[in-house]
$ cat my_file_9.cif   # mmCIF, N, CA, C and O atoms
data_start
#
loop_
_atom_site.label_atom_id
_atom_site.label_comp_id
_atom_site.auth_asym_id
_atom_site.auth_seq_id
_atom_site.Cartn_x
_atom_site.Cartn_y
_atom_site.Cartn_z
N MET A 1 22.10 -8.36 -43.51
CA MET A 1 21.81 -7.51 -42.39
C MET A 1 21.54 -8.39 -41.16
O MET A 1 20.73 -9.30 -41.19
N SER A 2 22.22 -8.11 -40.06
CA SER A 2 22.06 -8.93 -38.86
C SER A 2 21.00 -8.34 -37.94
O SER A 2 20.72 -7.15 -37.97
N ALA A 3 20.42 -9.21 -37.13
CA ALA A 3 19.40 -8.79 -36.16
C ALA A 3 20.05 -7.97 -35.06
O ALA A 3 21.23 -8.16 -34.75
N PRO A 4 19.32 -7.03 -34.48
CA PRO A 4 19.89 -6.24 -33.39
C PRO A 4 20.27 -7.15 -32.22
O PRO A 4 19.61 -8.13 -31.94
N ARG A 5 21.34 -6.79 -31.56
CA ARG A 5 21.86 -7.56 -30.44
C ARG A 5 21.01 -7.30 -29.19
O ARG A 5 20.67 -6.18 -28.88
N ALA A 6 20.63 -8.37 -28.50
CA ALA A 6 19.88 -8.23 -27.24
C ALA A 6 20.84 -7.72 -26.17
O ALA A 6 22.00 -8.11 -26.13
N PRO A 7 20.34 -6.84 -25.28
CA PRO A 7 21.19 -6.34 -24.20
C PRO A 7 21.67 -7.49 -23.31
O PRO A 7 20.94 -8.43 -23.04
N ASP A 8 22.90 -7.41 -22.88
CA ASP A 8 23.49 -8.41 -22.00
C ASP A 8 23.84 -7.73 -20.67
O ASP A 8 24.77 -6.92 -20.62
N PRO A 9 23.12 -8.03 -19.58
CA PRO A 9 23.35 -7.34 -18.31
C PRO A 9 24.74 -7.60 -17.73
O PRO A 9 25.15 -6.95 -16.79
N ARG A 10 25.49 -8.53 -18.34
CA ARG A 10 26.87 -8.75 -17.87
C ARG A 10 27.83 -7.72 -18.43
O ARG A 10 28.92 -7.56 -17.93
N GLU A 11 27.40 -7.03 -19.48
CA GLU A 11 28.23 -5.99 -20.10
C GLU A 11 28.00 -4.66 -19.38
O GLU A 11 26.86 -4.25 -19.18
N PRO A 12 29.08 -3.96 -19.01
CA PRO A 12 28.93 -2.70 -18.24
C PRO A 12 28.05 -1.67 -18.93
O PRO A 12 27.21 -1.05 -18.27
N GLU A 13 28.19 -1.47 -20.24
CA GLU A 13 27.37 -0.45 -20.91
C GLU A 13 25.90 -0.87 -20.97
O GLU A 13 25.00 -0.04 -20.85
N ASP A 14 25.62 -2.17 -21.11
CA ASP A 14 24.25 -2.65 -21.10
C ASP A 14 23.65 -2.52 -19.70
O ASP A 14 22.48 -2.20 -19.54
N ARG A 15 24.46 -2.78 -18.68
CA ARG A 15 24.01 -2.65 -17.30
C ARG A 15 23.66 -1.19 -17.00
O ARG A 15 22.66 -0.91 -16.34
N ALA A 16 24.46 -0.27 -17.49
CA ALA A 16 24.20 1.16 -17.27
C ALA A 16 22.90 1.57 -17.95
O ALA A 16 22.10 2.32 -17.37
N ASP A 17 22.66 1.10 -19.19
CA ASP A 17 21.41 1.41 -19.88
C ASP A 17 20.21 0.84 -19.11
O ASP A 17 19.19 1.50 -18.95
N LEU A 18 20.35 -0.37 -18.63
CA LEU A 18 19.29 -1.01 -17.87
C LEU A 18 19.02 -0.25 -16.58
O LEU A 18 17.87 0.00 -16.21
N ALA A 19 20.08 0.18 -15.90
CA ALA A 19 19.93 0.94 -14.65
C ALA A 19 19.20 2.25 -14.90
O ALA A 19 18.34 2.66 -14.11
N ARG A 20 19.52 2.93 -16.01
CA ARG A 20 18.83 4.18 -16.33
C ARG A 20 17.34 3.93 -16.59
O ARG A 20 16.48 4.65 -16.12
N SER A 21 17.04 2.88 -17.33
CA SER A 21 15.64 2.55 -17.62
C SER A 21 14.88 2.20 -16.36
O SER A 21 13.77 2.68 -16.13
N LEU A 22 15.46 1.35 -15.53
CA LEU A 22 14.80 0.95 -14.29
C LEU A 22 14.72 2.10 -13.30
O LEU A 22 13.76 2.20 -12.54
N GLY A 23 15.72 2.96 -13.32
CA GLY A 23 15.73 4.11 -12.42
C GLY A 23 14.50 4.98 -12.60
O GLY A 23 13.89 5.45 -11.64
N ALA A 24 14.11 5.21 -13.84
CA ALA A 24 12.93 6.02 -14.13
C ALA A 24 11.67 5.34 -13.59
O ALA A 24 10.79 6.00 -13.03
N ILE A 25 11.59 4.04 -13.73
CA ILE A 25 10.43 3.30 -13.23
C ILE A 25 10.39 3.35 -11.70
O ILE A 25 9.34 3.64 -11.11
N VAL A 26 11.51 3.11 -11.07
CA VAL A 26 11.58 3.13 -9.60
C VAL A 26 11.25 4.52 -9.07
O VAL A 26 10.51 4.67 -8.09
N GLU A 27 11.75 5.54 -9.72
CA GLU A 27 11.47 6.92 -9.29
C GLU A 27 9.98 7.21 -9.36
O GLU A 27 9.40 7.81 -8.45
N GLY A 28 9.33 6.78 -10.43
CA GLY A 28 7.89 6.99 -10.55
C GLY A 28 7.11 6.25 -9.48
O GLY A 28 6.16 6.78 -8.91
N GLU A 29 7.52 5.03 -9.19
CA GLU A 29 6.84 4.26 -8.14
C GLU A 29 7.05 4.89 -6.78
O GLU A 29 6.16 4.90 -5.95
N ALA A 30 8.24 5.44 -6.54
CA ALA A 30 8.52 6.08 -5.25
C ALA A 30 7.59 7.26 -5.01
O ALA A 30 7.17 7.51 -3.89
N ARG A 31 7.25 7.97 -6.05
CA ARG A 31 6.34 9.11 -5.91
C ARG A 31 4.92 8.66 -5.61
O ARG A 31 4.12 9.41 -5.09
N ARG A 32 4.57 7.41 -5.94
CA ARG A 32 3.23 6.90 -5.71
C ARG A 32 3.06 6.33 -4.31
O ARG A 32 1.96 6.03 -3.89
N MET A 33 4.13 6.16 -3.58
CA MET A 33 4.07 5.55 -2.26
C MET A 33 3.29 6.42 -1.29
O MET A 33 3.25 7.63 -1.42
N LEU A 34 2.70 5.80 -0.32
CA LEU A 34 2.02 6.54 0.74
C LEU A 34 3.03 7.28 1.59
O LEU A 34 4.17 6.87 1.72
N SER A 35 2.56 8.34 2.21
CA SER A 35 3.43 9.08 3.11
C SER A 35 3.72 8.25 4.34
O SER A 35 3.01 7.31 4.67
N GLU A 36 4.76 8.62 5.06
CA GLU A 36 5.11 7.92 6.29
C GLU A 36 3.94 7.95 7.27
O GLU A 36 3.65 6.98 7.95
N GLY A 37 3.24 9.09 7.35
CA GLY A 37 2.10 9.20 8.24
C GLY A 37 0.98 8.25 7.88
O GLY A 37 0.34 7.66 8.75
N ALA A 38 0.73 8.07 6.60
CA ALA A 38 -0.33 7.17 6.16
C ALA A 38 0.01 5.72 6.49
O ALA A 38 -0.87 4.93 6.79
N LEU A 39 1.27 5.36 6.42
CA LEU A 39 1.67 4.00 6.71
C LEU A 39 1.55 3.67 8.19
O LEU A 39 1.42 2.52 8.56
N ARG A 40 1.59 4.67 9.05
CA ARG A 40 1.49 4.46 10.49
C ARG A 40 0.06 4.21 10.94
O ARG A 40 -0.16 3.64 11.98
N GLY A 41 -0.90 4.68 10.22
CA GLY A 41 -2.28 4.49 10.60
C GLY A 41 -2.79 5.57 11.53
O GLY A 41 -2.09 6.51 11.88
N ASP A 42 -4.01 5.43 11.93
CA ASP A 42 -4.69 6.40 12.78
C ASP A 42 -4.10 6.34 14.19
O ASP A 42 -4.14 5.30 14.84
N PRO A 43 -3.54 7.47 14.66
CA PRO A 43 -2.89 7.46 15.98
C PRO A 43 -3.82 7.03 17.12
O PRO A 43 -3.39 6.34 18.04
N GLY A 44 -5.11 7.41 17.06
CA GLY A 44 -6.05 7.01 18.10
C GLY A 44 -6.26 5.50 18.14
O GLY A 44 -6.28 4.89 19.21
N LEU A 45 -6.39 4.89 16.97
CA LEU A 45 -6.57 3.44 16.91
C LEU A 45 -5.31 2.71 17.35
O LEU A 45 -5.37 1.70 18.05
N LEU A 46 -4.16 3.21 16.93
CA LEU A 46 -2.90 2.58 17.33
C LEU A 46 -2.75 2.61 18.84
O LEU A 46 -2.29 1.63 19.45
N ALA A 47 -3.14 3.72 19.47
CA ALA A 47 -3.06 3.84 20.93
C ALA A 47 -3.98 2.83 21.63
O ALA A 47 -3.70 2.42 22.76
N GLU A 48 -5.04 2.43 20.96
CA GLU A 48 -5.97 1.43 21.52
C GLU A 48 -5.52 0.00 21.23
O GLU A 48 -6.24 -0.96 21.54
N GLY A 49 -4.35 -0.16 20.61
CA GLY A 49 -3.82 -1.49 20.35
C GLY A 49 -4.12 -2.05 18.97
O GLY A 49 -3.78 -3.20 18.68
N TRP A 50 -4.75 -1.26 18.10
CA TRP A 50 -5.03 -1.71 16.75
C TRP A 50 -3.77 -1.61 15.90
O TRP A 50 -2.94 -0.73 16.10
N GLU A 51 -3.64 -2.51 14.95
CA GLU A 51 -2.50 -2.52 14.03
C GLU A 51 -3.02 -2.28 12.62
O GLU A 51 -3.92 -2.97 12.15
N ARG A 52 -2.43 -1.29 11.93
CA ARG A 52 -2.83 -1.01 10.55
C ARG A 52 -2.30 -2.12 9.67
O ARG A 52 -1.13 -2.44 9.70
N ARG A 53 -3.19 -2.73 8.88
CA ARG A 53 -2.77 -3.80 7.97
C ARG A 53 -2.56 -3.29 6.56
O ARG A 53 -1.49 -3.39 6.01
N PHE A 54 -3.61 -2.77 5.93
CA PHE A 54 -3.51 -2.30 4.55
C PHE A 54 -4.76 -1.53 4.18
O PHE A 54 -5.74 -1.52 4.91
N MET A 55 -4.71 -0.89 3.02
CA MET A 55 -5.84 -0.17 2.46
C MET A 55 -6.36 -0.97 1.26
O MET A 55 -5.56 -1.50 0.49
N THR A 56 -7.68 -1.05 1.13
CA THR A 56 -8.25 -1.84 0.03
C THR A 56 -9.59 -1.24 -0.40
O THR A 56 -10.17 -0.42 0.31
N ASP A 57 -10.08 -1.69 -1.55
CA ASP A 57 -11.38 -1.20 -2.01
C ASP A 57 -12.49 -1.87 -1.21
O ASP A 57 -12.27 -2.87 -0.52
N GLY A 58 -13.66 -1.31 -1.31
CA GLY A 58 -14.78 -1.76 -0.49
C GLY A 58 -15.11 -3.23 -0.63
O GLY A 58 -15.40 -3.90 0.36
N ALA A 59 -15.09 -3.76 -1.84
CA ALA A 59 -15.42 -5.17 -2.05
C ALA A 59 -14.44 -6.10 -1.35
O ALA A 59 -14.82 -7.10 -0.76
N ARG A 60 -13.18 -5.76 -1.39
CA ARG A 60 -12.15 -6.58 -0.76
C ARG A 60 -12.10 -6.37 0.75
O ARG A 60 -11.65 -7.23 1.50
N ALA A 61 -12.57 -5.22 1.22
CA ALA A 61 -12.57 -4.94 2.66
C ALA A 61 -13.42 -5.97 3.39
O ALA A 61 -13.01 -6.49 4.43
N ARG A 62 -14.59 -6.28 2.85
CA ARG A 62 -15.47 -7.27 3.49
C ARG A 62 -14.77 -8.63 3.57
O ARG A 62 -14.84 -9.32 4.59
N GLU A 63 -14.08 -9.02 2.50
CA GLU A 63 -13.35 -10.30 2.51
C GLU A 63 -12.26 -10.29 3.57
O GLU A 63 -12.08 -11.29 4.28
N ALA A 64 -11.53 -9.18 3.67
CA ALA A 64 -10.45 -9.09 4.66
C ALA A 64 -11.00 -9.16 6.08
O ALA A 64 -10.43 -9.84 6.94
N VAL A 65 -12.10 -8.46 6.33
CA VAL A 65 -12.72 -8.50 7.66
C VAL A 65 -13.12 -9.93 8.00
O VAL A 65 -12.83 -10.43 9.10
N ASP A 66 -13.76 -10.61 7.08
CA ASP A 66 -14.18 -12.00 7.32
C ASP A 66 -12.99 -12.91 7.57
O ASP A 66 -13.02 -13.76 8.46
N LEU A 67 -11.93 -12.74 6.78
CA LEU A 67 -10.75 -13.59 6.93
C LEU A 67 -10.08 -13.37 8.28
O LEU A 67 -9.80 -14.33 9.00
N TYR A 68 -9.81 -12.12 8.63
CA TYR A 68 -9.15 -11.86 9.92
C TYR A 68 -10.03 -12.31 11.08
O TYR A 68 -9.54 -12.84 12.08
N ALA A 69 -11.33 -12.12 10.99
CA ALA A 69 -12.24 -12.57 12.05
C ALA A 69 -12.17 -14.09 12.19
O ALA A 69 -12.15 -14.62 13.30
N ALA A 70 -12.13 -14.80 11.06
CA ALA A 70 -12.03 -16.26 11.09
C ALA A 70 -10.71 -16.71 11.72
O ALA A 70 -10.64 -17.79 12.31
N LEU A 71 -9.69 -15.87 11.64
CA LEU A 71 -8.40 -16.19 12.25
C LEU A 71 -8.34 -15.81 13.73
O LEU A 71 -7.33 -16.00 14.39
N GLY A 72 -9.44 -15.24 14.23
CA GLY A 72 -9.52 -14.93 15.65
C GLY A 72 -9.17 -13.50 16.02
O GLY A 72 -9.08 -13.16 17.20
N TYR A 73 -8.99 -12.63 15.06
CA TYR A 73 -8.66 -11.23 15.33
C TYR A 73 -9.93 -10.40 15.50
O TYR A 73 -10.97 -10.71 14.92
N GLU A 74 -9.79 -9.32 16.26
CA GLU A 74 -10.78 -8.25 16.20
C GLU A 74 -10.42 -7.46 14.95
O GLU A 74 -9.24 -7.27 14.64
N VAL A 75 -11.41 -7.01 14.19
CA VAL A 75 -11.14 -6.37 12.90
C VAL A 75 -11.99 -5.11 12.76
O VAL A 75 -13.15 -5.09 13.17
N ARG A 76 -11.38 -4.10 12.14
CA ARG A 76 -12.10 -2.86 11.79
C ARG A 76 -11.77 -2.51 10.36
O ARG A 76 -10.63 -2.61 9.95
N ALA A 77 -12.77 -2.07 9.63
CA ALA A 77 -12.57 -1.49 8.29
C ALA A 77 -12.95 -0.02 8.43
O ALA A 77 -14.14 0.31 8.52
N GLU A 78 -11.97 0.84 8.48
CA GLU A 78 -12.18 2.26 8.70
C GLU A 78 -12.12 3.03 7.39
O GLU A 78 -11.34 2.68 6.50
N PRO A 79 -12.92 4.09 7.27
CA PRO A 79 -12.81 4.93 6.07
C PRO A 79 -11.38 5.46 5.95
O PRO A 79 -10.70 5.68 6.95
N VAL A 80 -10.93 5.63 4.73
CA VAL A 80 -9.60 6.18 4.48
C VAL A 80 -9.57 7.63 4.98
O VAL A 80 -10.51 8.39 4.75
N ARG A 81 -8.49 7.97 5.67
CA ARG A 81 -8.32 9.35 6.14
C ARG A 81 -7.71 10.19 5.02
O ARG A 81 -6.98 9.69 4.18
N ARG A 82 -8.00 11.46 5.02
CA ARG A 82 -7.43 12.37 4.02
C ARG A 82 -5.90 12.30 4.02
O ARG A 82 -5.27 12.35 2.97
N ALA A 83 -5.30 12.12 5.18
CA ALA A 83 -3.84 12.06 5.30
C ALA A 83 -3.25 10.81 4.64
O ALA A 83 -2.05 10.74 4.39
N ASP A 84 -4.10 9.82 4.35
CA ASP A 84 -3.62 8.58 3.75
C ASP A 84 -3.43 8.66 2.24
O ASP A 84 -2.93 7.72 1.64
N VAL A 85 -3.87 9.75 1.64
CA VAL A 85 -3.83 9.86 0.18
C VAL A 85 -2.92 11.01 -0.23
O VAL A 85 -3.01 12.10 0.34
N ALA A 86 -2.06 10.77 -1.20
CA ALA A 86 -1.12 11.80 -1.66
C ALA A 86 -1.87 13.05 -2.10
O ALA A 86 -2.91 12.97 -2.74
N GLU A 87 -1.32 14.20 -1.76
CA GLU A 87 -1.97 15.47 -2.05
C GLU A 87 -1.95 15.84 -3.53
O GLU A 87 -2.74 16.65 -3.98
N ASP A 88 -1.06 15.25 -4.31
CA ASP A 88 -0.90 15.66 -5.70
C ASP A 88 -1.91 15.03 -6.65
O ASP A 88 -1.83 15.23 -7.85
N CYS A 89 -2.87 14.32 -6.15
CA CYS A 89 -3.82 13.63 -7.03
C CYS A 89 -5.26 13.85 -6.55
O CYS A 89 -5.73 13.15 -5.66
N GLU A 90 -5.94 14.82 -7.12
CA GLU A 90 -7.32 15.12 -6.72
C GLU A 90 -8.25 13.93 -6.97
O GLU A 90 -9.08 13.60 -6.12
N ASP A 91 -8.13 13.29 -8.13
CA ASP A 91 -8.99 12.14 -8.44
C ASP A 91 -8.73 11.00 -7.46
O ASP A 91 -9.66 10.31 -7.04
N CYS A 92 -7.46 10.79 -7.10
CA CYS A 92 -7.11 9.74 -6.15
C CYS A 92 -7.78 9.99 -4.81
O CYS A 92 -8.30 9.07 -4.18
N HIS A 93 -7.77 11.25 -4.38
CA HIS A 93 -8.42 11.61 -3.12
C HIS A 93 -9.89 11.20 -3.14
O HIS A 93 -10.39 10.55 -2.22
N LEU A 94 -10.57 11.60 -4.15
CA LEU A 94 -12.00 11.35 -4.25
C LEU A 94 -12.32 9.86 -4.24
O LEU A 94 -13.15 9.38 -3.47
N VAL A 95 -11.63 9.10 -5.07
CA VAL A 95 -11.88 7.67 -5.16
C VAL A 95 -11.54 6.98 -3.85
O VAL A 95 -12.32 6.18 -3.33
N ALA A 96 -10.37 7.29 -3.29
CA ALA A 96 -9.96 6.64 -2.04
C ALA A 96 -10.92 6.95 -0.90
O ALA A 96 -11.30 6.07 -0.13
N LEU A 97 -11.31 8.21 -0.78
CA LEU A 97 -12.19 8.60 0.31
C LEU A 97 -13.59 7.98 0.19
O LEU A 97 -14.23 7.69 1.19
N LEU A 98 -14.04 7.77 -1.03
CA LEU A 98 -15.38 7.23 -1.24
C LEU A 98 -15.45 5.71 -1.32
O LEU A 98 -16.46 5.12 -0.95
N GLN A 99 -14.39 5.07 -1.81
CA GLN A 99 -14.49 3.65 -2.12
C GLN A 99 -13.52 2.74 -1.38
O GLN A 99 -13.62 1.53 -1.49
N PHE A 100 -12.57 3.28 -0.64
CA PHE A 100 -11.56 2.45 0.00
C PHE A 100 -11.71 2.45 1.52
O PHE A 100 -12.34 3.34 2.09
N ALA A 101 -11.15 1.44 2.14
CA ALA A 101 -11.14 1.33 3.60
C ALA A 101 -9.75 0.89 4.04
O ALA A 101 -9.02 0.26 3.28
N THR A 102 -9.39 1.25 5.26
CA THR A 102 -8.14 0.79 5.86
C THR A 102 -8.50 -0.30 6.86
O THR A 102 -9.39 -0.12 7.70
N ILE A 103 -7.82 -1.42 6.75
CA ILE A 103 -8.08 -2.56 7.63
C ILE A 103 -7.15 -2.51 8.83
O ILE A 103 -5.94 -2.37 8.68
N TYR A 104 -7.75 -2.60 10.02
CA TYR A 104 -7.00 -2.65 11.28
C TYR A 104 -7.38 -3.95 11.99
O TYR A 104 -8.53 -4.39 11.93
N THR A 105 -6.41 -4.54 12.68
CA THR A 105 -6.67 -5.74 13.46
C THR A 105 -6.01 -5.60 14.83
O THR A 105 -5.10 -4.79 15.01
N ARG A 106 -6.49 -6.40 15.75
CA ARG A 106 -5.78 -6.58 17.03
C ARG A 106 -6.18 -7.93 17.58
O ARG A 106 -7.23 -8.47 17.26
N ARG A 107 -5.30 -8.45 18.39
CA ARG A 107 -5.57 -9.72 19.03
C ARG A 107 -6.71 -9.53 20.02
O ARG A 107 -6.82 -8.47 20.63
N PRO A 108 -7.54 -10.54 20.19
CA PRO A 108 -8.64 -10.39 21.16
C PRO A 108 -8.10 -10.15 22.56
O PRO A 108 -7.05 -10.67 22.93
N ARG A 109 -8.80 -9.32 23.29
CA ARG A 109 -8.40 -9.04 24.68
C ARG A 109 -8.73 -10.26 25.55
O ARG A 109 -9.77 -10.89 25.38
N ALA A 110 -7.85 -10.53 26.50
CA ALA A 110 -8.09 -11.65 27.43
C ALA A 110 -9.29 -11.33 28.32
O ALA A 110 -9.46 -10.19 28.76
N LEU A 111 -10.10 -12.31 28.57
CA LEU A 111 -11.29 -12.10 29.42
C LEU A 111 -10.97 -12.31 30.86
O LEU A 111 -10.17 -12.93 31.33
#

$ encode --input "my_file_9.cif" --output "structure tokens"
Amino acid sequence: MSAPRAPDPREPEDRADLARSLGAIVEGEARRMLSEGALRGDPGLLAEGWERRFMTDGARAREAVDLYAALGYEVRAEPVRRADVAEDCEDCHLVALLQFATIYTRRPRAL
């Protein structure tokens, strides 16, 4: 009895099987992505010249603020907005709103 053959991505049928498997993973990840609005950040802050960097948990927010400040940026750690969290996950909403922050930076204004 021989061992099962490992898939070879150079073979068309193996490539098709691999594409189907990866397609399911990619589709699931696409559903987890933030909405376009969430990626843009708070319109009021953007109008003031702030740039949305990323969303992080509270412990890492302090590190990010310290790092950007050390690099010479003005920094804000803002509470996550309801619009930043996908509507299909109640638990995600609660955790994000209570424990996460969105980091914004801008270059210091000239004096």

$ atom_distance --input "my_file_9.cif" --atom1 "atom CA of Gly72 of chain A" --atom2 "atom O of Arg107 of chain A"
8.6 Å

$ closest_residue --input "my_file_9.cif" --among "A:Ala61, A:Leu98, A:Ala16, A:Gly44" --to "Val80 of chain A" --atoms "all atoms listed in the file"
A:Leu98

$ atom_distance --input "my_file_9.cif" --atom1 "atom CA of Thr56 of chain A" --atom2 "atom N of Pro108 of chain A"
22.0 Å

$ residues_near_point --input "my_file_9.cif" --point "(-7.8, -13.9, 15.9)" --cutoff "12 Å" --atoms "only C-alpha atoms" --output "list in words"
Val65, Asp66, Leu67, Tyr68, Ala69, Ala70, Leu71, Gly72, Tyr73, Glu74, Val75, Thr105, Arg106, Arg107, Pro108, Arg109 and Ala110 of chain A

$ axis_aligned_box --input "my_file_9.cif" --around "segment 47-50 of chain A" --padding-each-side "6 Å" --output "lines of an AutoDock Vina configuration file"
center_x = -4.6
center_y = 0.3
center_z = 19.3
size_x = 15.3
size_y = 19.0
size_z = 18.9

$ resolve_selection --input "my_file_9.cif" --expression "the PyMOL selection byres ((chain A and resi 77) around 7)" --output "compact mmCIF listing (two decimals) with N, CA, C and O atoms, keeping the file's coordinate frame"
# COMPACT_ATOMS: atom_id res chain seq x y z
N ALA A 61 -12.57 -5.22 1.22
CA ALA A 61 -12.57 -4.94 2.66
C ALA A 61 -13.42 -5.97 3.39
O ALA A 61 -13.01 -6.49 4.43
N VAL A 65 -12.10 -8.46 6.33
CA VAL A 65 -12.72 -8.50 7.66
C VAL A 65 -13.12 -9.93 8.00
O VAL A 65 -12.83 -10.43 9.10
N VAL A 75 -11.41 -7.01 14.19
CA VAL A 75 -11.14 -6.37 12.90
C VAL A 75 -11.99 -5.11 12.76
O VAL A 75 -13.15 -5.09 13.17
N ARG A 76 -11.38 -4.10 12.14
CA ARG A 76 -12.10 -2.86 11.79
C ARG A 76 -11.77 -2.51 10.36
O ARG A 76 -10.63 -2.61 9.95
N GLU A 78 -11.97 0.84 8.48
CA GLU A 78 -12.18 2.26 8.70
C GLU A 78 -12.12 3.03 7.39
O GLU A 78 -11.34 2.68 6.50
N PRO A 79 -12.92 4.09 7.27
CA PRO A 79 -12.81 4.93 6.07
C PRO A 79 -11.38 5.46 5.95
O PRO A 79 -10.70 5.68 6.95
N ALA A 101 -11.15 1.44 2.14
CA ALA A 101 -11.14 1.33 3.60
C ALA A 101 -9.75 0.89 4.04
O ALA A 101 -9.02 0.26 3.28
N THR A 102 -9.39 1.25 5.26
CA THR A 102 -8.14 0.79 5.86
C THR A 102 -8.50 -0.30 6.86
O THR A 102 -9.39 -0.12 7.70
N ILE A 103 -7.82 -1.42 6.75
CA ILE A 103 -8.08 -2.56 7.63
C ILE A 103 -7.15 -2.51 8.83
O ILE A 103 -5.94 -2.37 8.68
N TYR A 104 -7.75 -2.60 10.02
CA TYR A 104 -7.00 -2.65 11.28
C TYR A 104 -7.38 -3.95 11.99
O TYR A 104 -8.53 -4.39 11.93

$ select_by_dssp --input "my_file_9.cif" --residues "segment 43-91 of chain A" --states "strand (DSSP E)" --output "PyMOL selection string"
chain A and resi 51-57+74-79

$ resolve_selection --input "my_file_9.cif" --expression "the PyMOL selection byres ((chain A and resi 57) around 8)" --output "MDAnalysis selection string"
chainID A and resid 54:56 58:64 95:96 99:102
